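Working notes, structure below.
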Amino acid sequence: MKSLVVLFLMFFSFYITAKAGPDTTFTADLNGDGKSDNVSIKVNKDAKIKYGTGIYTLKVNNAVYSDTAYFEESAFLKLVNLDKKDDFKELALIYWTDPEQNCDLFRYDGKSIIKIGSLSTMSDEFEFPGNGTVKTSRWIGFWSAEAVCNYDESSKTFKAKYKDEYNLVITPYEGNAINVKEPFELLKKHEDNADVSAKVNTGAKINILKAVITGKCVSNEEYPDSNLYWYYIKTNTGDSGWIRLKDFQEKVEGIPWAG
């Protein structure tokens with residue numbers, strides 16, 4: 001019985017240390033000195049502020065960091081390890097501000113709490129592989145583009161790096177096909193001056209197989225950047241080619257738009 005109690009306490013301690021609500025306390029060695037640091041965070045929702053939901057106060061031992069809170073109970077504090085090569089473990093304050101999830105990262109150097117950067121994403125998770133990067137993703141209407149955010153120590157910022165090309169698996173609404181309502185042309189390359197590879201006629205069914213979201217393109221108010229991304233499409237008759245989203249999104253039905 002005693003061993004079961006010990007196991008329960010170990011599990012409970014790990015859970016609180018790894019992930020805890022906005023008003024909580026736990027202990028962890030944050031700066032690699034072999035000593036446990038007392039960590040706490042509390043939100044004052046009665047604070048008189050112009051914006052936000054209150055003031056949060058993050059404490060590590062005697063060090064204090066306060067800022068405007070833009071979250072309710074959905075926020076939590078998580079212990080992470082940004083870079084396994086150094087002695088530090090970081091505190092990640094994760095919270096939602098519609099429609100994005102945000103992450104503010106803090107480091108305790110033994111004396112002060114230092115905010116080392118912020119990230120935001122329209123996905124459900126931030127991953128910390130321990131190599132100085134953060135894996136995340138960006139929601140793009142009907143699919144999610146994974147990215148690796150590299151940390152720059154000098155500027156205390158993260159910069160997202162996306163793939164040159166993504167392979168897609170798009171599941172239409174209720175398993176139905178993506179149907180063509182109006183004809184459009186596909187190109188041999190993801191370039192505006194490329195030769196036409198095929199003409200897609202009304203009544204055809206298509207699969208969206210690839211996406212290219214990098215590269216320079218002209219943007220304006222009518223067509224935001226995401227509408228200028230290139231997609232590789234294959235039809236039920238075997239034709240295939242590239243086309244910008246703006247040139248076919250209103251000419252088909254069945255794309256599983258969300259968000």
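By order of appearance in the structure tokens: chains A, B, ..., then residues from 1 within every chain, and ligands from 1 in the order shown.
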
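Neighbouring residues of range 135-139 of chain A at 10 Å or closer, counting only C-alpha atoms and skipping chain neighbours under 2 positions away, are Glu100, Leu119, Ser120, Thr121, Met122, Ser123, Asp124, Glu125, Phe126, Glu127, Phe128, Pro129, Thr133, Gly141, Phe142, Trp143, Ser144, Ala145, Glu146, Ala147, Val148, Cys149, Asn150, Ala160, Lys161, Tyr162, Ala258 and Gly259 of chain A.
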
Any idea what's packed within 12 Å of Lys48 in chain A, counting only C-alpha atoms, ignoring anything in its chain fewer than 5 positions away? Could you give it as a ChimeraX atom specification? /A:53-55,68-69

Restrict the selected residues to N, CA and C atoms and save them as a PDB file, in the first residue's frame.
```pdb
ATOM      1  N   THR A  53      -7.270  40.428 -19.702  1.00  0.00           N
ATOM      2  CA  THR A  53      -8.199  39.844 -18.731  1.00  0.00           C
ATOM      3  C   THR A  53      -7.705  40.007 -17.304  1.00  0.00           C
ATOM      4  N   GLY A  54      -6.564  40.648 -17.119  1.00  0.00           N
ATOM      5  CA  GLY A  54      -6.021  40.845 -15.786  1.00  0.00           C
ATOM      6  C   GLY A  54      -4.505  41.001 -15.840  1.00  0.00           C
ATOM      7  N   ILE A  55      -3.871  40.805 -14.694  1.00  0.00           N
ATOM      8  CA  ILE A  55      -2.417  40.840 -14.589  1.00  0.00           C
ATOM      9  C   ILE A  55      -1.944  39.502 -14.039  1.00  0.00           C
ATOM     10  N   THR A  68       0.518  41.823 -18.541  1.00  0.00           N
ATOM     11  CA  THR A  68      -0.918  41.735 -18.813  1.00  0.00           C
ATOM     12  C   THR A  68      -1.292  40.315 -19.219  1.00  0.00           C
ATOM     13  N   ALA A  69      -2.369  39.816 -18.663  1.00  0.00           N
ATOM     14  CA  ALA A  69      -2.888  38.497 -19.030  1.00  0.00           C
ATOM     15  C   ALA A  69      -3.926  38.655 -20.126  1.00  0.00           C
TER      16      ALA A  69
END
```

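Residue nearest Lys111 in chain A, chosen from A:Lys85, A:Lys156, A:Lys59, A:Lys188 and counting only C-alpha atoms: A:Lys59.
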
For Asn131 in chain A, the closest of A:Lys181, A:Lys163, A:Val80, A:Asp33 counting only C-alpha atoms is A:Val80

Return the single residue from A:Gly254, A:Pro22, A:Tyr65, A:Gly110 that is closest to Ile94 in chain A, with distances computed using only C-alpha atoms. A:Pro22

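Taking only C-alpha atoms, the non-local environment of Asn201 in chain A within 9 Å (same-chain residues fewer than 5 positions away omitted) comprises A:Val180, A:Lys181, A:Glu182, A:Pro183, A:Phe184, A:Glu185.
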
DSSP on the backbone: what in range 9-202 of chain A comes out helix (DSSP H, G or I), as a PyMOL selection string? chain A and resi 9-18+173-175

Write out as a count of residues only all residues of range 61-191 of chain A that DSSP puts in strand (DSSP E) for this structure's backbone. 69

Of A:Glu174, A:Asp164, A:Asp98, A:Glu253, the one nearest to Ile213 in chain A when counting only C-alpha atoms is A:Asp164

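Counting from CA of Lys189 in chain A, the distance to CA of Gly241 in chain A is 7.1 Å.
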
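If you measure from each of A:Ser154, A:Val252, A:Ser226, A:Ala198 to Gly238 in chain A using only C-alpha atoms, the closest one turns out to be A:Ala198.
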
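Considering the residues A:Asp83, A:Glu72, A:Glu90, A:Asp152 and counting only C-alpha atoms, Val39 in chain A has its shortest atom-to-atom contact with A:Glu90.
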